[in-house]
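So this block is input33.pdb, PDB, C-alpha atoms:
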ATOM      1  CA  MET A   1      -2.734  15.520  27.349
ATOM      2  CA  THR A   2      -4.246  14.217  24.133
ATOM      3  CA  TRP A   3      -4.139  17.681  22.610
ATOM      4  CA  PHE A   4      -0.514  17.981  23.610
ATOM      5  CA  SER A   5       0.258  14.655  21.910
ATOM      6  CA  ILE A   6      -1.577  15.660  18.744
ATOM      7  CA  ILE A   7       0.252  18.958  18.503
ATOM      8  CA  VAL A   8       3.702  17.454  19.136
ATOM      9  CA  SER A   9       2.957  14.656  16.635
ATOM     10  CA  GLY A  10       1.879  17.326  14.161
ATOM     11  CA  ILE A  11       5.085  19.270  14.653
ATOM     12  CA  VAL A  12       7.201  16.117  14.258
ATOM     13  CA  THR A  13       5.320  15.153  11.093
ATOM     14  CA  TYR A  14       5.516  18.637   9.640
ATOM     15  CA  PHE A  15       9.237  18.688  10.382
ATOM     16  CA  SER A  16       9.689  15.436   8.452
ATOM     17  CA  ARG A  17       7.924  17.034   5.457
ATOM     18  CA  MET A  18       9.736  20.343   5.651
ATOM     19  CA  ALA A  19      13.291  19.539   6.757
ATOM     20  CA  MET A  20      14.743  18.318   3.470
ATOM     21  CA  VAL A  21      12.835  20.864   1.378
ATOM     22  CA  ALA A  22      13.480  24.014   3.391
ATOM     23  CA  LEU A  23      16.473  23.412   5.647
ATOM     24  CA  ILE A  24      18.890  21.381   3.537
ATOM     25  CA  ASP A  25      20.931  22.925   0.775
ATOM     26  CA  ARG A  26      21.060  20.568  -2.205
ATOM     27  CA  GLU A  27      24.738  21.338  -2.684
ATOM     28  CA  MET A  28      25.302  19.409   0.532
ATOM     29  CA  LEU A  29      24.110  16.189  -1.094
ATOM     30  CA  GLY A  30      26.813  14.441  -3.090
ATOM     31  CA  THR A  31      26.238  13.051  -6.575
ATOM     32  CA  LYS A  32      26.113   9.534  -5.142
ATOM     33  CA  VAL A  33      23.324  10.470  -2.763
ATOM     34  CA  LYS A  34      21.399  12.132  -5.584
ATOM     35  CA  GLU A  35      21.756   8.988  -7.688
ATOM     36  CA  VAL A  36      20.451   6.829  -4.854
ATOM     37  CA  LEU A  37      17.484   9.203  -4.422
ATOM     38  CA  ASN A  38      16.233   8.041  -7.838
ATOM     39  CA  TYR A  39      15.274   4.839  -6.073
ATOM     40  CA  VAL A  40      13.156   6.421  -3.329
ATOM     41  CA  PRO A  41       9.796   5.323  -4.808
ATOM     42  CA  ALA A  42      11.155   1.802  -5.404
ATOM     43  CA  ALA A  43      12.488   1.709  -1.835
ATOM     44  CA  VAL A  44       9.480   3.147   0.022
ATOM     45  CA  PHE A  45       6.304   1.837  -1.607
ATOM     46  CA  PRO A  46       6.982  -1.939  -1.570
ATOM     47  CA  ALA A  47       7.319  -1.622   2.221
ATOM     48  CA  ILE A  48       3.662  -0.548   2.238
ATOM     49  CA  ILE A  49       2.496  -2.945  -0.494
ATOM     50  CA  PHE A  50       4.027  -6.223   0.723
ATOM     51  CA  PRO A  51       2.638  -6.120   4.287
ATOM     52  CA  GLY A  52      -0.730  -4.927   2.877
ATOM     53  CA  VAL A  53      -0.952  -8.010   0.695
ATOM     54  CA  PHE A  54       0.843 -10.684   2.700
ATOM     55  CA  PHE A  55      -0.288  -9.910   6.251
ATOM     56  CA  ASN A  56      -3.826 -10.085   7.647
ATOM     57  CA  ASP A  57      -5.396  -7.706  10.170
ATOM     58  CA  PHE A  58      -3.810  -9.619  13.042
ATOM     59  CA  GLY A  59      -0.282  -9.320  11.746
ATOM     60  CA  SER A  60       0.256 -12.923  10.669
ATOM     61  CA  PHE A  61       1.042 -14.210   7.190
ATOM     62  CA  VAL A  62      -1.945 -14.890   4.942
ATOM     63  CA  GLU A  63      -2.414 -18.284   3.290
ATOM     64  CA  ILE A  64      -1.196 -18.818  -0.246
ATOM     65  CA  THR A  65      -4.870 -18.970  -1.306
ATOM     66  CA  ASP A  66      -5.654 -15.468   0.012
ATOM     67  CA  PRO A  67      -7.699 -13.402  -2.508
ATOM     68  CA  LYS A  68      -5.461 -10.360  -1.911
ATOM     69  CA  ILE A  69      -2.522 -12.181  -3.501
ATOM     70  CA  TYR A  70      -4.472 -12.872  -6.699
ATOM     71  CA  GLY A  71      -5.962  -9.370  -6.779
ATOM     72  CA  ALA A  72      -2.449  -7.962  -6.531
ATOM     73  CA  ILE A  73      -1.167 -10.221  -9.317
ATOM     74  CA  VAL A  74      -4.005  -9.138 -11.637
ATOM     75  CA  ALA A  75      -3.351  -5.464 -10.794
ATOM     76  CA  LEU A  76       0.354  -5.962 -11.415
ATOM     77  CA  VAL A  77      -0.144  -7.497 -14.857
ATOM     78  CA  VAL A  78      -2.839  -5.007 -15.920
ATOM     79  CA  GLY A  79      -0.802  -2.084 -14.608
ATOM     80  CA  PHE A  80       2.336  -3.268 -16.334
ATOM     81  CA  PHE A  81       0.704  -3.362 -19.754
ATOM     82  CA  THR A  82      -1.737  -0.430 -19.520
ATOM     83  CA  ARG A  83       0.592   1.889 -17.536
ATOM     84  CA  SER A  84      -2.614   3.352 -16.108
ATOM     85  CA  VAL A  85      -3.099   4.066 -12.411
ATOM     86  CA  ILE A  86      -6.863   3.747 -12.579
ATOM     87  CA  ALA A  87      -6.733   0.458 -14.511
ATOM     88  CA  THR A  88      -4.282  -0.971 -11.970
ATOM     89  CA  ILE A  89      -6.438  -0.116  -8.970
ATOM     90  CA  VAL A  90      -9.792  -1.011 -10.551
ATOM     91  CA  SER A  91      -8.602  -4.336 -11.977
ATOM     92  CA  GLY A  92      -7.118  -5.281  -8.613
ATOM     93  CA  LEU A  93     -10.308  -4.430  -6.729
ATOM     94  CA  LEU A  94     -12.635  -6.063  -9.259
ATOM     95  CA  SER A  95     -10.688  -9.311  -9.334
ATOM     96  CA  TYR A  96     -10.511  -9.282  -5.530
ATOM     97  CA  TRP A  97     -14.285  -8.771  -5.303
ATOM     98  CA  PHE A  98     -14.896 -11.413  -7.945
ATOM     99  CA  ILE A  99     -12.987 -13.928  -5.827
ATOM    100  CA  ILE A 100     -14.557 -13.056  -2.465
ATOM    101  CA  PHE A 101     -18.137 -12.606  -3.702
ATOM    102  CA  PHE A 102     -18.414 -15.303  -6.389
ATOM    103  CA  LEU A 103     -15.668 -17.895  -6.107
ATOM    104  CA  LEU A 104     -15.654 -18.163  -2.316
ATOM    105  CA  ARG A 105     -19.452 -18.343  -1.908
TER     106      ARG A 105
ATOM    107  CA  MET B 106       4.746  26.509 -22.262
ATOM    108  CA  LEU B 107       2.127  25.468 -19.760
ATOM    109  CA  SER B 108       0.532  28.123 -17.584
ATOM    110  CA  LYS B 109       0.681  27.811 -13.798
ATOM    111  CA  SER B 110      -2.995  26.972 -13.488
ATOM    112  CA  LYS B 111      -2.717  24.268 -16.174
ATOM    113  CA  ILE B 112       0.175  22.654 -14.310
ATOM    114  CA  PHE B 113      -1.801  22.856 -11.061
ATOM    115  CA  PHE B 114      -4.790  21.251 -12.795
ATOM    116  CA  LYS B 115      -2.619  18.456 -14.206
ATOM    117  CA  GLY B 116      -1.529  17.713 -10.643
ATOM    118  CA  ILE B 117      -5.162  17.486  -9.551
ATOM    119  CA  VAL B 118      -6.022  15.067 -12.347
ATOM    120  CA  ALA B 119      -2.978  12.901 -11.652
ATOM    121  CA  VAL B 120      -4.055  12.032  -8.110
ATOM    122  CA  LEU B 121      -7.784  11.579  -8.807
ATOM    123  CA  PRO B 122      -7.497   7.790  -9.388
ATOM    124  CA  HIS B 123      -5.916   7.467  -5.947
ATOM    125  CA  MET B 124      -9.158   8.713  -4.390
ATOM    126  CA  LEU B 125     -10.407   5.137  -4.740
ATOM    127  CA  SER B 126      -8.239   4.317  -1.750
ATOM    128  CA  VAL B 127      -7.796   7.714  -0.081
ATOM    129  CA  ILE B 128     -11.519   8.384   0.448
ATOM    130  CA  PRO B 129     -12.442   5.006   2.007
ATOM    131  CA  PHE B 130      -9.272   5.171   4.111
ATOM    132  CA  GLY B 131     -10.234   8.641   5.335
ATOM    133  CA  ILE B 132     -13.741   7.492   6.219
ATOM    134  CA  ILE B 133     -12.317   4.520   8.130
ATOM    135  CA  THR B 134      -9.856   6.784   9.967
ATOM    136  CA  GLY B 135     -12.620   9.131  11.118
ATOM    137  CA  ALA B 136     -14.904   6.282  12.111
ATOM    138  CA  ILE B 137     -12.187   4.438  14.059
ATOM    139  CA  GLY B 138     -11.448   7.575  16.075
ATOM    140  CA  ILE B 139     -15.075   7.838  17.143
ATOM    141  CA  GLU B 140     -15.320   4.094  17.863
ATOM    142  CA  LEU B 141     -12.266   4.382  20.113
ATOM    143  CA  GLY B 142     -14.179   6.993  22.106
ATOM    144  CA  PHE B 143     -12.353  10.178  21.144
ATOM    145  CA  ASP B 144     -14.062  13.538  20.949
ATOM    146  CA  PRO B 145     -15.023  14.326  17.301
ATOM    147  CA  ILE B 146     -13.001  17.546  17.440
ATOM    148  CA  LEU B 147      -9.915  15.604  18.532
ATOM    149  CA  VAL B 148     -10.349  13.051  15.772
ATOM    150  CA  TYR B 149     -10.612  15.781  13.186
ATOM    151  CA  ALA B 150      -7.637  17.605  14.700
ATOM    152  CA  THR B 151      -5.430  14.608  13.871
ATOM    153  CA  SER B 152      -6.356  15.042  10.190
ATOM    154  CA  LEU B 153      -5.643  18.736  10.236
ATOM    155  CA  ILE B 154      -2.553  18.770  12.440
ATOM    156  CA  ILE B 155      -0.871  15.417  11.785
ATOM    157  CA  PHE B 156      -2.362  14.794   8.311
ATOM    158  CA  GLY B 157      -1.067  11.279   7.687
ATOM    159  CA  GLY B 158      -3.513   8.382   7.424
ATOM    160  CA  ALA B 159      -1.824   5.332   8.907
ATOM    161  CA  SER B 160      -0.085   7.363  11.594
ATOM    162  CA  GLN B 161      -3.379   8.914  12.759
ATOM    163  CA  ILE B 162      -5.010   5.509  13.237
ATOM    164  CA  ILE B 163      -2.062   4.116  15.156
ATOM    165  CA  PHE B 164      -1.817   7.287  17.238
ATOM    166  CA  MET B 165      -5.443   6.987  18.362
ATOM    167  CA  GLN B 166      -5.241   3.233  18.899
ATOM    168  CA  LEU B 167      -2.162   3.623  21.090
ATOM    169  CA  LEU B 168      -3.614   6.408  23.236
ATOM    170  CA  SER B 169      -6.945   4.647  23.723
ATOM    171  CA  GLY B 170      -5.057   1.463  24.637
ATOM    172  CA  GLY B 171      -3.366   3.340  27.472
ATOM    173  CA  ALA B 172       0.038   3.923  25.864
ATOM    174  CA  SER B 173       1.989   6.984  26.998
ATOM    175  CA  SER B 174       2.122  10.161  24.934
ATOM    176  CA  LEU B 175       5.781   9.489  24.321
ATOM    177  CA  VAL B 176       5.050   6.118  22.705
ATOM    178  CA  ALA B 177       2.267   7.593  20.567
ATOM    179  CA  ILE B 178       4.368  10.531  19.426
ATOM    180  CA  THR B 179       7.387   8.315  18.706
ATOM    181  CA  SER B 180       5.260   5.990  16.584
ATOM    182  CA  VAL B 181       3.862   8.894  14.555
ATOM    183  CA  GLY B 182       7.378  10.237  14.084
ATOM    184  CA  VAL B 183       8.740   6.877  12.948
ATOM    185  CA  ILE B 184       5.872   6.173  10.534
ATOM    186  CA  ASN B 185       6.009   9.644   9.021
ATOM    187  CA  SER B 186       9.791   9.871   8.786
ATOM    188  CA  ARG B 187       9.518   8.535   5.212
ATOM    189  CA  HIS B 188       8.563  12.103   4.240
ATOM    190  CA  LEU B 189      12.223  13.000   4.757
ATOM    191  CA  LEU B 190      12.960  10.861   1.707
ATOM    192  CA  TYR B 191      10.167  12.485  -0.317
ATOM    193  CA  GLY B 192      11.460  15.909   0.688
ATOM    194  CA  ALA B 193      14.997  15.004  -0.351
ATOM    195  CA  VAL B 194      13.736  14.046  -3.820
ATOM    196  CA  LEU B 195      11.333  16.968  -4.221
ATOM    197  CA  SER B 196      13.873  19.544  -3.008
ATOM    198  CA  GLU B 197      15.397  19.400  -6.498
ATOM    199  CA  TYR B 198      12.186  20.815  -7.977
ATOM    200  CA  LEU B 199      11.430  23.243  -5.161
ATOM    201  CA  GLU B 200      14.941  24.656  -4.875
ATOM    202  CA  LYS B 201      14.180  28.053  -6.394
ATOM    203  CA  LEU B 202      11.220  28.858  -4.177
ATOM    204  CA  SER B 203      11.425  31.370  -1.344
ATOM    205  CA  PHE B 204      11.788  30.011   2.179
ATOM    206  CA  ILE B 205       8.186  30.914   3.054
ATOM    207  CA  LYS B 206       6.824  29.129  -0.013
ATOM    208  CA  LYS B 207       8.913  26.085   0.862
ATOM    209  CA  LEU B 208       7.430  26.077   4.362
ATOM    210  CA  PHE B 209       3.924  26.312   2.906
ATOM    211  CA  ILE B 210       4.254  23.651   0.214
ATOM    212  CA  SER B 211       5.905  21.213   2.654
ATOM    213  CA  TYR B 212       2.636  20.775   4.543
ATOM    214  CA  PHE B 213       1.131  19.240   1.384
ATOM    215  CA  ILE B 214       3.777  16.563   0.764
ATOM    216  CA  VAL B 215       1.882  13.265   0.755
ATOM    217  CA  ASP B 216       2.747   9.772  -0.530
ATOM    218  CA  GLN B 217       0.632   9.736  -3.684
ATOM    219  CA  GLY B 218       1.251  13.394  -4.437
ATOM    220  CA  PHE B 219       4.995  12.911  -4.121
ATOM    221  CA  ALA B 220       4.947   9.852  -6.362
ATOM    222  CA  GLU B 221       2.841  11.405  -9.125
ATOM    223  CA  SER B 222       4.786  14.678  -9.015
ATOM    224  CA  ASN B 223       8.117  12.904  -9.172
ATOM    225  CA  LYS B 224       6.953  10.804 -12.135
ATOM    226  CA  TYR B 225       5.579  13.774 -14.083
ATOM    227  CA  ILE B 226       8.416  16.193 -13.401
ATOM    228  CA  LYS B 227      11.022  13.574 -14.370
ATOM    229  CA  GLN B 228       9.272  13.103 -17.712
ATOM    230  CA  ASN B 229       8.957  16.866 -18.280
ATOM    231  CA  LYS B 230      12.372  18.171 -17.382
ATOM    232  CA  ASN B 231      11.797  21.652 -18.827
ATOM    233  CA  LEU B 232       8.690  22.371 -16.803
ATOM    234  CA  SER B 233       8.933  25.998 -15.660
ATOM    235  CA  ASN B 234       6.882  25.855 -12.463
ATOM    236  CA  PRO B 235       7.016  22.269 -11.203
ATOM    237  CA  HIS B 236       5.900  23.304  -7.713
ATOM    238  CA  TYR B 237       2.415  24.001  -9.056
ATOM    239  CA  TYR B 238       2.152  20.346  -9.947
ATOM    240  CA  VAL B 239       3.250  19.317  -6.444
ATOM    241  CA  LEU B 240       0.730  21.754  -5.006
ATOM    242  CA  GLY B 241      -2.075  20.495  -7.280
ATOM    243  CA  THR B 242      -1.575  16.924  -6.098
ATOM    244  CA  GLY B 243      -1.106  17.876  -2.436
ATOM    245  CA  VAL B 244      -4.038  20.276  -2.133
ATOM    246  CA  THR B 245      -6.377  17.760  -3.803
ATOM    247  CA  LEU B 246      -5.296  14.983  -1.462
ATOM    248  CA  TRP B 247      -5.578  17.350   1.487
ATOM    249  CA  PHE B 248      -9.172  18.349   0.662
ATOM    250  CA  CYS B 249     -10.314  14.809   0.041
ATOM    251  CA  TRP B 250      -8.616  13.615   3.221
ATOM    252  CA  GLN B 251     -10.245  16.331   5.346
ATOM    253  CA  LEU B 252     -13.698  15.747   3.830
ATOM    254  CA  SER B 253     -13.524  11.971   4.052
ATOM    255  CA  THR B 254     -12.356  11.918   7.688
ATOM    256  CA  ILE B 255     -15.137  14.386   8.558
ATOM    257  CA  SER B 256     -17.699  12.134   6.873
ATOM    258  CA  GLY B 257     -16.293   9.141   8.743
ATOM    259  CA  ILE B 258     -16.590  11.081  12.013
ATOM    260  CA  ILE B 259     -20.199  12.063  11.317
ATOM    261  CA  LEU B 260     -21.570   9.016   9.535
ATOM    262  CA  GLY B 261     -19.426   6.202  10.961
ATOM    263  CA  SER B 262     -17.819   3.720   8.628
ATOM    264  CA  PHE B 263     -20.716   3.619   6.175
ATOM    265  CA  ILE B 264     -18.816   1.667   3.563
ATOM    266  CA  PRO B 265     -19.544  -2.026   4.196
ATOM    267  CA  GLU B 266     -16.530  -3.792   5.636
ATOM    268  CA  GLU B 267     -17.187  -6.839   3.432
ATOM    269  CA  LEU B 268     -15.934  -4.828   0.463
ATOM    270  CA  GLY B 269     -12.462  -5.070   1.947
ATOM    271  CA  LEU B 270     -11.544  -1.610   0.729
ATOM    272  CA  LYS B 271      -8.438  -1.687   2.880
ATOM    273  CA  PHE B 272      -6.996  -3.677   0.024
ATOM    274  CA  ALA B 273      -7.187  -0.520  -2.107
ATOM    275  CA  ILE B 274      -4.250   0.891  -0.141
ATOM    276  CA  PRO B 275      -1.576  -1.550  -1.358
ATOM    277  CA  LEU B 276      -3.169  -1.261  -4.814
ATOM    278  CA  THR B 277      -2.681   2.528  -5.078
ATOM    279  CA  PHE B 278       0.946   2.123  -4.131
ATOM    280  CA  LEU B 279       1.316  -0.725  -6.589
ATOM    281  CA  ALA B 280      -0.139   1.554  -9.282
ATOM    282  CA  ILE B 281       2.528   4.109  -8.416
ATOM    283  CA  ILE B 282       5.516   1.835  -8.982
ATOM    284  CA  VAL B 283       4.173  -0.601 -11.582
ATOM    285  CA  ASN B 284       5.711   1.372 -14.441
ATOM    286  CA  ASP B 285       9.189   1.049 -12.944
ATOM    287  CA  LEU B 286       8.942  -2.741 -13.196
ATOM    288  CA  ARG B 287      10.447  -2.315 -16.667
ATOM    289  CA  LYS B 288      13.757  -1.314 -15.102
ATOM    290  CA  LEU B 289      15.629  -4.215 -13.556
ATOM    291  CA  ASP B 290      17.603  -2.052 -11.144
ATOM    292  CA  HIS B 291      14.344  -0.657  -9.754
ATOM    293  CA  VAL B 292      12.846  -4.140  -9.505
ATOM    294  CA  PHE B 293      15.856  -5.245  -7.481
ATOM    295  CA  VAL B 294      15.398  -2.341  -5.027
ATOM    296  CA  MET B 295      11.652  -3.046  -4.786
ATOM    297  CA  LEU B 296      12.242  -6.686  -3.928
ATOM    298  CA  VAL B 297      14.795  -5.800  -1.254
ATOM    299  CA  SER B 298      12.334  -3.329   0.289
ATOM    300  CA  GLY B 299       9.386  -5.717   0.061
ATOM    301  CA  PHE B 300      11.156  -8.673   1.625
ATOM    302  CA  ALA B 301      12.743  -6.454   4.267
ATOM    303  CA  SER B 302       9.275  -5.210   5.222
ATOM    304  CA  LEU B 303       8.021  -8.781   5.667
ATOM    305  CA  ILE B 304      10.979  -9.649   7.881
ATOM    306  CA  LEU B 305      10.908  -6.400   9.885
ATOM    307  CA  PHE B 306       7.119  -6.187  10.168
ATOM    308  CA  ASN B 307       7.051  -6.809  13.908
ATOM    309  CA  ALA B 308       9.836  -4.369  14.754
ATOM    310  CA  PRO B 309       8.756  -1.849  17.432
ATOM    311  CA  PHE B 310       6.946   1.427  16.610
ATOM    312  CA  LYS B 311       6.023   0.167  13.106
ATOM    313  CA  SER B 312       9.599   1.023  12.212
ATOM    314  CA  TYR B 313       9.538  -1.405   9.249
ATOM    315  CA  ILE B 314       8.017   1.519   7.305
ATOM    316  CA  ILE B 315      11.306   3.414   7.451
ATOM    317  CA  LEU B 316      13.811   0.576   8.082
ATOM    318  CA  SER B 317      12.865  -1.310   4.899
ATOM    319  CA  PRO B 318      13.382   1.734   2.631
ATOM    320  CA  ILE B 319      16.730   2.378   4.327
ATOM    321  CA  VAL B 320      17.823  -1.223   3.732
ATOM    322  CA  ALA B 321      16.659  -0.932   0.112
ATOM    323  CA  LEU B 322      18.472   2.364  -0.446
ATOM    324  CA  ILE B 323      21.671   0.877   0.961
ATOM    325  CA  ALA B 324      21.195  -2.006  -1.464
ATOM    326  CA  ALA B 325      20.728   0.553  -4.259
ATOM    327  CA  PHE B 326      23.923   2.286  -3.219
ATOM    328  CA  ILE B 327      25.888  -0.977  -3.308
ATOM    329  CA  MET B 328      24.284  -1.905  -6.635
ATOM    330  CA  LEU B 329      25.363   1.426  -8.167
ATOM    331  CA  ARG B 330      28.961   0.763  -7.088
ATOM    332  CA  PHE B 331      28.953  -2.592  -8.846
ATOM    333  CA  LYS B 332      27.443  -1.169 -12.016
ATOM    334  CA  LYS B 333      30.422   1.124 -12.501
TER     335      LYS B 333
END
Write-out of the structure in structure tokens:
Amino acid sequence: MTWFSIIVSGIVTYFSRMAMVALIDREMLGTKVKEVLNYVPAAVFPAIIFPGVFFNDFGSFVEITDPKIYGAIVALVVGFFTRSVIATIVSGLLSYWFIIFFLLR
Amino acid sequence: MLSKSKIFFKGIVAVLPHMLSVIPFGIITGAIGIELGFDPILVYATSLIIFGGASQIIFMQLLSGGASSLVAITSVGVINSRHLLYGAVLSEYLEKLSFIKKLFISYFIVDQGFAESNKYIKQNKNLSNPHYYVLGTGVTLWFCWQLSTISGIILGSFIPEELGLKFAIPLTFLAIIVNDLRKLDHVFVMLVSGFASLILFNAPFKSYIILSPIVALIAAFIMLRFKK
């Protein structure tokens, strides 16, 4: 039964990856839809970022003093000015570690 | 003109920074599967067959918690439906490929790979073989994901939990969109999506992952009407 679930889940997931690439003709999408598609990264990724920062493992809101919030702010500022992926991630992690290992001890 | 292998290599390099979150996440995914009592082969099969981090963890958690197959499959489908949006964007660059090649490359469409490919191809409009870039990002992420889940299965979660490496996940996605903060219209869409995700977080089947982008895209659509 577990194998069955894995395989069906795999097919469903593969379909979600493949459908728009292989089955849909781009002519079918109007210019308005194409314009809106420019915003896909802006529409998808905050829905992963916000819960990752503002919720804890148990699904409730973190406190305003939570280290993740400050790590994210540092990453945001560093990323904005450096435009570098690695600098964004590293600065966020380092500031987060600095808070949990030095400031909170 | 860049050769195919150079474009492929550029794709590889573009996703390397994201390994800071992908590798620990893969290790955690493998280790969680074992902790939940699944057979190692089954745990690995989720990486090979489903190939989608968050959805694999939730899938295994649901099944081990006694949920029905239908619930587990529905959750995976809902969480991974965001790939439809990635596909819609990438289809512009993959249009000229044969059907078989489209079927092949689709398997490698992943969050970070999509984002980096989209960014690069937009900046290099005249790129002759953009699908090599997509493939470079996707294949790299695929290999690292397979290897890191296997190491998590074998070694357990050997990265100390105190490091809080889960936090690296929102950070990689932040790194992806941080450049677009210079464009106010994009910032508006991001805020709509972010706040929607906080409000919809407890919606069933983790559907906030697809509902928030839909709300944000509708907001983008309305915004575009007002701009004209």
Here atom CA of B:Val320 and atom CA of A:Lys32 stand apart by 16.2 Å
Specify as a PyMOL selection string each residue included when the ChimeraX specification (/B :<7) & /A is applied to this file. chain A and resi 5-10+12-14+16-22+36-37+39-53+72+76+79-80+83+85-86+88-89+92-93
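Between atom CA of B:Pro145 and atom CA of A:Thr2 the interatomic distance comes to 12.8 Å.
The space separating atom CA of A:Met28 from atom CA of B:Asn231 comes to 23.7 Å.
Shortest atom-to-atom contact with A:Asp66 among A:Leu94, A:Val33, A:Val78, A:Ile100: A:Ile100, counting only C-alpha atoms.
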Picked residues, the PyMOL selection byres ((chain B and resi 115) around 10), as a PDB file with C-alpha atoms, in the frame of the given file:
ATOM      1  CA  LYS B 109       0.681  27.811 -13.798  1.00  0.00           C
ATOM      2  CA  SER B 110      -2.995  26.972 -13.488  1.00  0.00           C
ATOM      3  CA  LYS B 111      -2.717  24.268 -16.174  1.00  0.00           C
ATOM      4  CA  ILE B 112       0.175  22.654 -14.310  1.00  0.00           C
ATOM      5  CA  PHE B 113      -1.801  22.856 -11.061  1.00  0.00           C
ATOM      6  CA  PHE B 114      -4.790  21.251 -12.795  1.00  0.00           C
ATOM      7  CA  GLY B 116      -1.529  17.713 -10.643  1.00  0.00           C
ATOM      8  CA  ILE B 117      -5.162  17.486  -9.551  1.00  0.00           C
ATOM      9  CA  VAL B 118      -6.022  15.067 -12.347  1.00  0.00           C
ATOM     10  CA  ALA B 119      -2.978  12.901 -11.652  1.00  0.00           C
ATOM     11  CA  VAL B 120      -4.055  12.032  -8.110  1.00  0.00           C
ATOM     12  CA  SER B 222       4.786  14.678  -9.015  1.00  0.00           C
ATOM     13  CA  TYR B 225       5.579  13.774 -14.083  1.00  0.00           C
ATOM     14  CA  TYR B 237       2.415  24.001  -9.056  1.00  0.00           C
ATOM     15  CA  TYR B 238       2.152  20.346  -9.947  1.00  0.00           C
ATOM     16  CA  VAL B 239       3.250  19.317  -6.444  1.00  0.00           C
ATOM     17  CA  GLY B 241      -2.075  20.495  -7.280  1.00  0.00           C
ATOM     18  CA  THR B 242      -1.575  16.924  -6.098  1.00  0.00           C
TER      19      THR B 242
END
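The residue that comes closest to B:Pro235, out of B:Tyr149, B:Lys201, B:Pro129, B:Phe263 and on the basis of only C-alpha atoms, is B:Lys201.
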Q.
With all atoms listed in the file as the counted atoms, please give the residues lying no more than 10 Å from B:Leu260, apart from itself and same-chain residues fewer than 6 positions off, as a ChimeraX atom specification.
A. /B:132,135-136,254
Using all atoms listed in the file, which residues sit within 8 Å of B:Cys249 once same-chain residues fewer than 3 positions away are excluded, as an mmCIF file with C-alpha atoms, in the frame of the given file?
data_model
loop_
_atom_site.group_PDB
_atom_site.id
_atom_site.type_symbol
_atom_site.label_atom_id
_atom_site.label_comp_id
_atom_site.auth_asym_id
_atom_site.auth_seq_id
_atom_site.Cartn_x
_atom_site.Cartn_y
_atom_site.Cartn_z
ATOM 1 C CA MET B 124 -9.158 8.713 -4.390
ATOM 2 C CA VAL B 127 -7.796 7.714 -0.081
ATOM 3 C CA ILE B 128 -11.519 8.384 0.448
ATOM 4 C CA THR B 245 -6.377 17.760 -3.803
ATOM 5 C CA LEU B 246 -5.296 14.983 -1.462
ATOM 6 C CA LEU B 252 -13.698 15.747 3.830
ATOM 7 C CA SER B 253 -13.524 11.971 4.052
#
inquiry  = If the PyMOL selection byres ((chain A and resi 71) around 8) were run on this exact file, what residues would it hold? Put them as a PyMOL selection string.
reply    = chain A and resi 67-70+72-75+91-96
